[in-house]
Amino acid sequence: MLLQRIANRGIRLGTLFERAAALHPANIMVLDHDLDIAPQLGRRATIAEIADLVDDYAARLWAAKVRAGDRVVVYKSDGFDITLLSCAISRIGAVPVLFSAKLDGATAAELVRRTDRPFLVTDQTKLEHELPDGTFELASRVLLTSGTHEAAVDLHGLAGSPRVPTTIMPPEHPALITHTSGTTGIPKLAVHTGRTLQARYRPQASIIKPLIRNRETIAMHVSFVHSRLFTALAISLLRGFPVVMLADSAPAQVADLFARMKPGILEAHPNSFMEWEAMADDPRGPLSNVTLFSSTFDAIHPRTVHRLLRASKRRAPIFGQLYGQSEVGPAVVRGFTRRRSLDEDGRCVGVPFPGMTQVRVVSRDGNPPSAANPGFIEVRSDGRIVTYLDEQERYDQQVSEGGWWRMGDVGYRTKWGCVHLLDREVDVIEGFGSTLAAEDALFGKLEDLAEVIIIPGPDGRAVPVVCTKDDKPLDLAAWKAACSGLPPMAEPVQWRIGELPQTATTKIKRLELAELVAARSAQK
C-alpha cells in the first residue's frame with residue numbers, strides 16, 4: 001500500500017482528456033455509436049476534440065447552476081457520453097453519481113433519493129418511460145441530454161455558454177460515486193475519492209508498463225458507469241494509445257470493427273470475452289493482433305482464455321486477469337499464456353500486487369481454510385472506497401480491525417500465496433463444492449455451451465441453468481458425460497441467454513435467477 005500513497009495527488013478526472021491531449025494531441029478515439037450530447041462529432045475524433053467537448057459541457061453544467069461540491073446523478077441511455085459527462089461534472093468540482101442504463105427506473109429513483117436532492121442528468125426516454133412519477137421532487141433540477149420536457153433544462157439549449165475555469169478539488173474529496181452490482185438487492189452507492197481512484201490506477205499501470213512498451217490500439221467494452229473504465233482510460237490516454245470504445249458487444253458487429261482496427265489490447269468483462277470466442281474462427285482475424293487481453297471483474301473460464309489466446313498471431317500474447325471488486329479495485333493479478341491447458345485450475349485468480357495490496361483468507365468455522373473448507377477472502381488496499389453513501393453502518397460491517405475489507409467471496413490460498421476463488425458467500429451450496437469450478441469443467445467439455453450457472457433449487461439441490469449457442473437444444477447425452485465426476489445435480493434447465501438477469505458489468509444475478517427458475521418451475 002506504500003506504493004499507492006507516494007505523491008498521490010488524486011486522479012483528476014476533470015482534466016484527464018485535457019492532459020492527454022497536451023501529451024498526444026493527434027491521438028484518436030473511435031466509437032461504435034453516436035453520442036447523444038454531440039451527434040455532430042461522429043464516430044472518430046481526436047482526443048483534443050473530446051477534451052474540448054468536456055470543457056464545453058462543463059460550461060453548460062455551470063450555466064445550469066451546478067457548482068463545486070454538488071452531486072450530479074447521470075442516468076441516461078447507454079453511451080460513452082456518460083463517461084464524458086462525468087469528466088465535465090468533475091471539471092467544475094461537482095461529484096458525478098453514475099447509474100447504469102440497465103437499472104430499472106424504480107431502482108434509479110430510490111438511488112436518487114439516497115443521493116439527497118442531486119441534479120439529475122437524464123433524457124426524455126428515461127424520464128417518460130422508465131423513471132416513476134415523482135422523480136422531479138427527488139432532484140433539485142433535471143437536465144436533459146436529448147429530447148425535451150417542460151419541467152427540465154435542455155443541455156443542448158445551453159450551447160455557447162461561456163467557458164469556466166477548472167476547479168481542482170482536494171484528493172481526499174469525493175470524486176466519483178458509482179453503484180455496486182446489485183446482485184443481492186438494491187445497489188449500494190460507493191464513494192470514491194481522487195486519492196482512492198489514483199491508488200487503483202497505480203497497480204494496473206505498473207503491470208501495463210513493462211508488458212506494453214510500444215503504442216497499441218486498445219479496444220474497451222466496459223460499463224460506462226464502472227470505476228474500472230476511468231482507470232483504464234487514464235492508463236491508455238496518458239500513454240497515447242488510440243482507443244476504440246464499444247457500447248455493443250455483439251460478436252458480428254465487434255468483429256467487423258476489429259477486422260478494420262486490429263486492436264493490440266482488449267479490455268472487457270468476462271462475459272463479453274465469452275461472447276467473443278465466436279471471433280476466434282473469423283477468417284478476417286479480428287483478434288489476430290491482440291497482444292494483451294485484460295479482464296478485471298471475475299475469474300474467467302479456462303476455455304475462453306484458451307480460445308482467445310490461440311486466435312492471436314502475436315508472438316507471445318497474454319491474458320491478464322485482475323480479481324477485485326467495485327469497493328476496493330484490483331486486489332490480485334495473474335497472467336496466462338498459450339501454455340495454459342484447458343484443464344488448468346481456473347479458480348486460481350492470482351497473487352497480490354507487491355507493496356500495493358494485501359490478501360488474507362479468514363476461517364469460517366475455526367478450521368484452516370482449504371479447497372474443501374473455503375474461508376472468507378479479505379483485502380487491504382488504499383483503493384478502497386471511503387463509504388457507502390447514506391449507509392455508513394453497512395460499510396462499517398465489511399471493514400474489520402486493521403482495515404481488512406471482506407470481499408463477499410470464499411476461497412483459500414495455496415502455500416505459494418495464490419488466491420483461489422471458489423464462490424460468492426451468498427451462492428455457496430453446502431456439500432456441493434465450488435459451483436464456479438463445476439461451471440469451468442462443463443465449459444471445457446461442452447462446445448455448444450454459451451453460459452451455465454449452477455444455483456440452489458427450492459430443496460437446496462444444485463440446479464444447472466444452461467444456455468446454448470444459437471439456442472440449440474441441449475445434447476443430453478453429452479451433458480451427462482460432461483457431468484461425470486462432478487457432484488450430483490438436478491436435471492439441467494435450459495434458458496435463452498437474453499433471459500438471464502444481468503448487472504451493469506454483465507454478471508449474472510444468481511439469487512434473482514434462482515427465484516425466477518423456482519417461480520417458472522412452480523407454474524408448470
# chains A, B, ... in the order shown; residues from 1 in each chain; ligands from 1
>>> residues_around(residues="Leu474 of chain A", least_positions_apart="5", cutoff="9 Å", atoms="only C-alpha atoms", output="short mmCIF file (atom, residue, chain, number, x, y, z; two decimals) with N, CA and C atoms, in the first residue's frame")
data_model
loop_
_atom_site.label_atom_id
_atom_site.label_comp_id
_atom_site.auth_asym_id
_atom_site.auth_seq_id
_atom_site.Cartn_x
_atom_site.Cartn_y
_atom_site.Cartn_z
N ASP A 448 -20.92 -26.41 -27.19
CA ASP A 448 -22.11 -25.63 -27.51
C ASP A 448 -22.62 -24.79 -26.35
N LEU A 449 -21.98 -24.85 -25.19
CA LEU A 449 -22.44 -24.04 -24.06
C LEU A 449 -22.10 -22.57 -24.28
N VAL A 466 -28.68 -23.70 -18.12
CA VAL A 466 -27.77 -23.72 -19.26
C VAL A 466 -28.34 -22.90 -20.42
N CYS A 467 -27.43 -22.26 -21.13
CA CYS A 467 -27.75 -21.56 -22.38
C CYS A 467 -26.81 -22.11 -23.45
N THR A 468 -27.34 -22.36 -24.63
CA THR A 468 -26.53 -22.91 -25.71
C THR A 468 -26.36 -21.88 -26.82
N TRP A 479 -24.22 -33.89 -22.19
CA TRP A 479 -24.31 -33.26 -20.87
C TRP A 479 -24.01 -34.28 -19.77
N PRO A 492 -30.74 -30.39 -15.97
CA PRO A 492 -30.48 -29.03 -16.43
C PRO A 492 -31.76 -28.32 -16.87
N GLN A 494 -32.93 -25.32 -19.35
CA GLN A 494 -32.40 -24.54 -20.46
C GLN A 494 -33.15 -23.21 -20.59
#
>>> residues_around(residues="Leu85 of chain A", least_positions_apart="6", cutoff="8 Å", atoms="only C-alpha atoms", output="list in words")
Val54, Tyr57 and Val74 of chain A
>>> residues_around(residues="Phe80 of chain A", least_positions_apart="2", cutoff="10 Å", atoms="only C-alpha atoms", output="MDAnalysis selection string")
chainID A and resid 31:37 77:78 82:85 223:225 245:247
>>> closest_residue(among="A:Ala371, A:Val463, A:Val142, A:Leu287", to="Ala437 of chain A", atoms="only C-alpha atoms")
A:Ala371
>>> closest_residue(among="A:His301, A:His420, A:Arg364, A:Arg307", to="Met279 of chain A", atoms="only C-alpha atoms")
A:Arg307
>>> closest_residue(among="A:Thr387, A:Gln204, A:Gln4, A:Ser100", to="Val222 of chain A", atoms="only C-alpha atoms")
A:Ser100
>>> select_by_dssp(residues="segment 223-465 of chain A", states="helix (DSSP H, G or I)", output="compact mmCIF listing (two decimals) with C-alpha atoms, in the first residue's frame")
# COMPACT_ATOMS: atom_id res chain seq x y z
CA SER A 227 -14.82 2.90 -11.85
CA ARG A 228 -12.65 0.48 -13.84
CA LEU A 229 -13.31 2.43 -17.03
CA PHE A 230 -11.80 5.61 -15.60
CA THR A 231 -8.54 3.98 -14.55
CA ALA A 232 -8.30 2.11 -17.87
CA LEU A 233 -8.84 5.37 -19.75
CA ALA A 234 -6.21 7.17 -17.69
CA ILE A 235 -3.64 4.46 -18.43
CA SER A 236 -4.47 4.44 -22.15
CA LEU A 237 -4.88 8.15 -22.86
CA LEU A 238 -1.82 9.33 -20.93
CA PRO A 251 -19.72 -10.53 -31.93
CA ALA A 252 -20.82 -9.79 -35.51
CA GLN A 253 -20.57 -6.00 -35.06
CA VAL A 254 -17.41 -6.20 -32.95
CA ALA A 255 -15.70 -8.48 -35.48
CA ASP A 256 -16.35 -6.00 -38.30
CA LEU A 257 -14.79 -3.18 -36.29
CA PHE A 258 -11.84 -5.21 -35.02
CA ALA A 259 -11.11 -6.53 -38.52
CA ARG A 260 -10.56 -2.90 -39.57
CA MET A 261 -8.87 -1.52 -36.45
CA PRO A 270 -15.58 -11.85 -18.68
CA ASN A 271 -19.00 -12.43 -20.25
CA SER A 272 -18.04 -10.23 -23.22
CA PHE A 273 -14.94 -12.33 -23.79
CA MET A 274 -17.14 -15.42 -23.66
CA GLU A 275 -19.27 -13.93 -26.44
CA TRP A 276 -16.15 -13.09 -28.43
CA GLU A 277 -15.00 -16.69 -28.56
CA ALA A 278 -17.02 -16.78 -31.80
CA MET A 279 -14.48 -14.38 -33.38
CA ALA A 280 -11.62 -16.84 -32.94
CA ASP A 281 -12.53 -18.62 -36.18
CA PRO A 302 -10.21 -21.55 -18.99
CA ARG A 303 -11.99 -22.42 -22.27
CA THR A 304 -12.41 -18.74 -23.09
CA VAL A 305 -8.78 -17.91 -22.30
CA HIS A 306 -7.61 -20.90 -24.35
CA ARG A 307 -9.56 -19.91 -27.47
CA LEU A 308 -8.80 -16.22 -27.42
CA LEU A 309 -5.07 -16.65 -26.95
CA ARG A 310 -4.94 -19.09 -29.87
CA ALA A 311 -6.77 -16.61 -32.09
CA GLN A 392 -22.29 4.11 6.76
CA GLU A 393 -23.30 1.29 9.11
CA ARG A 394 -23.47 -1.16 6.20
CA TYR A 395 -19.99 -0.05 5.12
CA ASP A 396 -18.58 -0.46 8.64
CA GLU A 425 -20.65 -16.23 0.05
CA VAL A 426 -24.35 -15.99 -0.81
CA ASP A 427 -24.05 -18.60 -3.59
CA THR A 435 -20.08 -24.12 -8.26
CA LEU A 436 -17.63 -21.98 -10.22
CA ALA A 437 -15.18 -24.86 -10.60
CA ALA A 438 -18.00 -27.12 -11.78
CA GLU A 439 -19.02 -24.50 -14.35
CA ASP A 440 -15.40 -24.31 -15.57
CA ALA A 441 -15.36 -28.08 -16.05
CA LEU A 442 -18.62 -28.06 -18.01
CA PHE A 443 -17.43 -25.25 -20.27
CA GLY A 444 -14.26 -27.14 -21.04
CA LYS A 445 -16.17 -30.26 -22.15
>>> closest_residue(among="A:Pro501, A:Gly383, A:Gly147, A:Pro25", to="Val191 of chain A", atoms="only C-alpha atoms")
A:Gly383
>>> atom_distance(atom1="atom CA of Tyr388 of chain A", atom2="atom CA of His192 of chain A")
9.4 Å
>>> closest_atom_pairs(of="segment 47-108 of chain A", to="segment 150-174 of chain A", cutoff="10 Å", atoms="only C-alpha atoms", output="Markdown table")
| residue | atom | partner | partner_atom | distance |
| --- | --- | --- | --- | --- |
| A:Asp55 | CA | A:Arg163 | CA | 7.1 |
| A:Asp56 | CA | A:Arg163 | CA | 6.7 |
| A:Tyr57 | CA | A:Leu155 | CA | 8.2 |
| A:Ala58 | CA | A:Val164 | CA | 7.6 |
| A:Ala59 | CA | A:Arg163 | CA | 5.0 |
| A:Arg60 | CA | A:Leu158 | CA | 5.5 |
| A:Leu61 | CA | A:Leu155 | CA | 7.7 |
| A:Trp62 | CA | A:Val164 | CA | 7.7 |
| A:Ala63 | CA | A:Ser161 | CA | 6.6 |
| A:Ala64 | CA | A:Val153 | CA | 7.5 |
| A:Arg67 | CA | A:Thr167 | CA | 9.7 |
| A:Ala68 | CA | A:Thr167 | CA | 7.4 |
| A:Gly69 | CA | A:Pro174 | CA | 8.6 |
| A:Arg71 | CA | A:Pro174 | CA | 9.7 |
| A:Ala88 | CA | A:Thr166 | CA | 9.7 |
| A:Ser90 | CA | A:Thr167 | CA | 8.0 |
| A:Arg91 | CA | A:Thr166 | CA | 5.4 |
| A:Ile92 | CA | A:Thr167 | CA | 5.0 |
| A:Gly93 | CA | A:Thr167 | CA | 5.1 |
| A:Ala94 | CA | A:Thr167 | CA | 8.8 |
| A:Val95 | CA | A:Pro174 | CA | 6.6 |
| A:Pro96 | CA | A:Pro174 | CA | 9.2 |
>>> residues_around(residues="Lys102 of chain A", least_positions_apart="3", cutoff="12 Å", atoms="only C-alpha atoms", output="PyMOL selection string")
chain A and resi 75-79+98-99+105-108+126+130+179+181-182+223-225+501-506
>>> closest_residue(among="A:Leu446, A:Ile212, A:Ala199, A:Leu500", to="Ala478 of chain A", atoms="only C-alpha atoms")
A:Leu446
>>> select_by_dssp(residues="segment 62-300 of chain A", states="strand (DSSP E or B)", output="PyMOL selection string")
chain A and resi 71-74+95-98+119-122+141-144+153-154+174-179+189-193+218-221+243-245+265-268+292-295
>>> write_last_selection(atoms="C-alpha atoms", output="PDB file, in the first residue's frame")
ATOM      1  CA  ARG A  71     -23.871  15.864  -6.592  1.00  0.00           C
ATOM      2  CA  VAL A  72     -24.930  15.213 -10.165  1.00  0.00           C
ATOM      3  CA  VAL A  73     -26.637  11.919 -10.997  1.00  0.00           C
ATOM      4  CA  VAL A  74     -26.213  10.695 -14.579  1.00  0.00           C
ATOM      5  CA  VAL A  95     -19.379  14.981  -7.898  1.00  0.00           C
ATOM      6  CA  PRO A  96     -20.646  12.653 -10.654  1.00  0.00           C
ATOM      7  CA  VAL A  97     -23.000   9.912  -9.436  1.00  0.00           C
ATOM      8  CA  LEU A  98     -23.331   7.272 -12.148  1.00  0.00           C
ATOM      9  CA  PHE A 119     -29.009  17.436 -10.050  1.00  0.00           C
ATOM     10  CA  LEU A 120     -30.286  14.702 -12.363  1.00  0.00           C
ATOM     11  CA  VAL A 121     -28.892  14.384 -15.896  1.00  0.00           C
ATOM     12  CA  THR A 122     -31.155  12.144 -17.947  1.00  0.00           C
ATOM     13  CA  ARG A 141     -33.066  20.171 -11.035  1.00  0.00           C
ATOM     14  CA  VAL A 142     -33.430  17.863 -14.051  1.00  0.00           C
ATOM     15  CA  LEU A 143     -31.139  18.334 -17.062  1.00  0.00           C
ATOM     16  CA  LEU A 144     -31.723  16.597 -20.409  1.00  0.00           C
ATOM     17  CA  VAL A 153     -33.427  22.091 -18.702  1.00  0.00           C
ATOM     18  CA  ASP A 154     -32.238  21.150 -22.204  1.00  0.00           C
ATOM     19  CA  PRO A 174     -15.368  12.644  -3.160  1.00  0.00           C
ATOM     20  CA  ALA A 175     -14.538  12.429  -6.864  1.00  0.00           C
ATOM     21  CA  LEU A 176     -16.958   9.794  -8.135  1.00  0.00           C
ATOM     22  CA  ILE A 177     -19.913   7.799  -6.831  1.00  0.00           C
ATOM     23  CA  THR A 178     -20.782   4.509  -8.532  1.00  0.00           C
ATOM     24  CA  HIS A 179     -23.209   1.773  -7.622  1.00  0.00           C
ATOM     25  CA  LEU A 189     -23.608   3.749  -3.664  1.00  0.00           C
ATOM     26  CA  ALA A 190     -19.818   3.548  -3.420  1.00  0.00           C
ATOM     27  CA  VAL A 191     -17.978   6.806  -2.738  1.00  0.00           C
ATOM     28  CA  HIS A 192     -14.545   7.135  -4.381  1.00  0.00           C
ATOM     29  CA  THR A 193     -12.096   9.976  -3.808  1.00  0.00           C
ATOM     30  CA  ILE A 218      -6.837  -0.540 -27.158  1.00  0.00           C
ATOM     31  CA  ALA A 219     -10.465  -1.581 -27.536  1.00  0.00           C
ATOM     32  CA  MET A 220     -12.715  -1.430 -24.470  1.00  0.00           C
ATOM     33  CA  HIS A 221     -16.117  -2.845 -23.699  1.00  0.00           C
ATOM     34  CA  VAL A 243      -8.904   3.970 -28.108  1.00  0.00           C
ATOM     35  CA  VAL A 244     -11.833   2.048 -29.577  1.00  0.00           C
ATOM     36  CA  MET A 245     -14.853   2.416 -27.279  1.00  0.00           C
ATOM     37  CA  ILE A 265      -5.157  -4.655 -26.371  1.00  0.00           C
ATOM     38  CA  LEU A 266      -8.668  -5.724 -25.385  1.00  0.00           C
ATOM     39  CA  GLU A 267     -10.303  -4.729 -22.100  1.00  0.00           C
ATOM     40  CA  ALA A 268     -13.720  -6.278 -21.418  1.00  0.00           C
ATOM     41  CA  LEU A 292      -2.930  -8.406 -24.251  1.00  0.00           C
ATOM     42  CA  PHE A 293      -6.417  -9.486 -23.233  1.00  0.00           C
ATOM     43  CA  SER A 294      -7.386  -7.832 -19.934  1.00  0.00           C
ATOM     44  CA  SER A 295     -10.308  -8.643 -17.653  1.00  0.00           C
TER      45      SER A 295
END
>>> atom_distance(atom1="atom CA of Glu391 of chain A", atom2="atom CA of Gly408 of chain A")
17.3 Å
>>> closest_residue(among="A:Ala331, A:Ser86, A:Arg339, A:Thr145", to="Phe319 of chain A", atoms="only C-alpha atoms")
A:Arg339
>>> atom_distance(atom1="atom CA of Leu131 of chain A", atom2="atom CA of Asp104 of chain A")
7.8 Å
>>> decode(residues="segment 158-176 of chain A", atoms="N, CA and C atoms", output="CSV table (one decimal), in the first residue's frame")
chain,number,residue,atom,x,y,z
A,158,LEU,N,-28.1,25.1,-24.0
A,158,LEU,CA,-27.1,25.9,-23.3
A,158,LEU,C,-25.7,25.9,-24.1
A,159,ALA,N,-25.8,25.5,-25.4
A,159,ALA,CA,-24.6,25.6,-26.2
A,159,ALA,C,-24.1,27.0,-26.3
A,160,GLY,N,-22.8,27.2,-26.3
A,160,GLY,CA,-22.2,28.5,-26.4
A,160,GLY,C,-22.0,29.2,-25.0
A,161,SER,N,-22.4,28.5,-24.0
A,161,SER,CA,-22.2,29.1,-22.6
A,161,SER,C,-20.7,29.4,-22.4
A,162,PRO,N,-20.4,30.5,-21.8
A,162,PRO,CA,-19.0,30.9,-21.5
A,162,PRO,C,-18.2,29.8,-20.8
A,163,ARG,N,-17.0,29.6,-21.3
A,163,ARG,CA,-16.2,28.6,-20.6
A,163,ARG,C,-15.8,29.1,-19.2
A,164,VAL,N,-15.6,28.1,-18.3
A,164,VAL,CA,-15.3,28.5,-16.9
A,164,VAL,C,-14.0,27.9,-16.5
A,165,PRO,N,-13.3,28.5,-15.5
A,165,PRO,CA,-12.1,27.9,-15.0
A,165,PRO,C,-12.3,26.5,-14.4
A,166,THR,N,-11.3,25.7,-14.6
A,166,THR,CA,-11.3,24.3,-14.0
A,166,THR,C,-11.2,24.4,-12.4
A,167,THR,N,-12.0,23.6,-11.7
A,167,THR,CA,-11.9,23.6,-10.3
A,167,THR,C,-11.3,22.2,-9.9
A,168,ILE,N,-10.2,22.3,-9.2
A,168,ILE,CA,-9.5,21.1,-8.8
A,168,ILE,C,-9.8,20.9,-7.3
A,169,MET,N,-10.5,19.8,-7.0
A,169,MET,CA,-10.8,19.6,-5.6
A,169,MET,C,-9.7,18.8,-4.9
A,170,PRO,N,-9.6,18.9,-3.6
A,170,PRO,CA,-8.6,18.1,-2.8
A,170,PRO,C,-8.7,16.6,-3.1
A,171,PRO,N,-7.6,15.9,-3.1
A,171,PRO,CA,-7.6,14.5,-3.4
A,171,PRO,C,-8.4,13.6,-2.5
A,172,GLU,N,-8.7,14.1,-1.3
A,172,GLU,CA,-9.5,13.3,-0.3
A,172,GLU,C,-11.0,13.6,-0.5
A,173,HIS,N,-11.3,14.5,-1.4
A,173,HIS,CA,-12.7,14.9,-1.6
A,173,HIS,C,-13.4,13.9,-2.5
A,174,PRO,N,-14.7,13.6,-2.3
A,174,PRO,CA,-15.4,12.6,-3.2
A,174,PRO,C,-15.2,13.1,-4.6
A,175,ALA,N,-14.8,12.1,-5.5
A,175,ALA,CA,-14.5,12.4,-6.9
A,175,ALA,C,-15.5,11.7,-7.8
A,176,LEU,N,-16.1,10.6,-7.3
A,176,LEU,CA,-17.0,9.8,-8.1
A,176,LEU,C,-17.8,8.9,-7.2
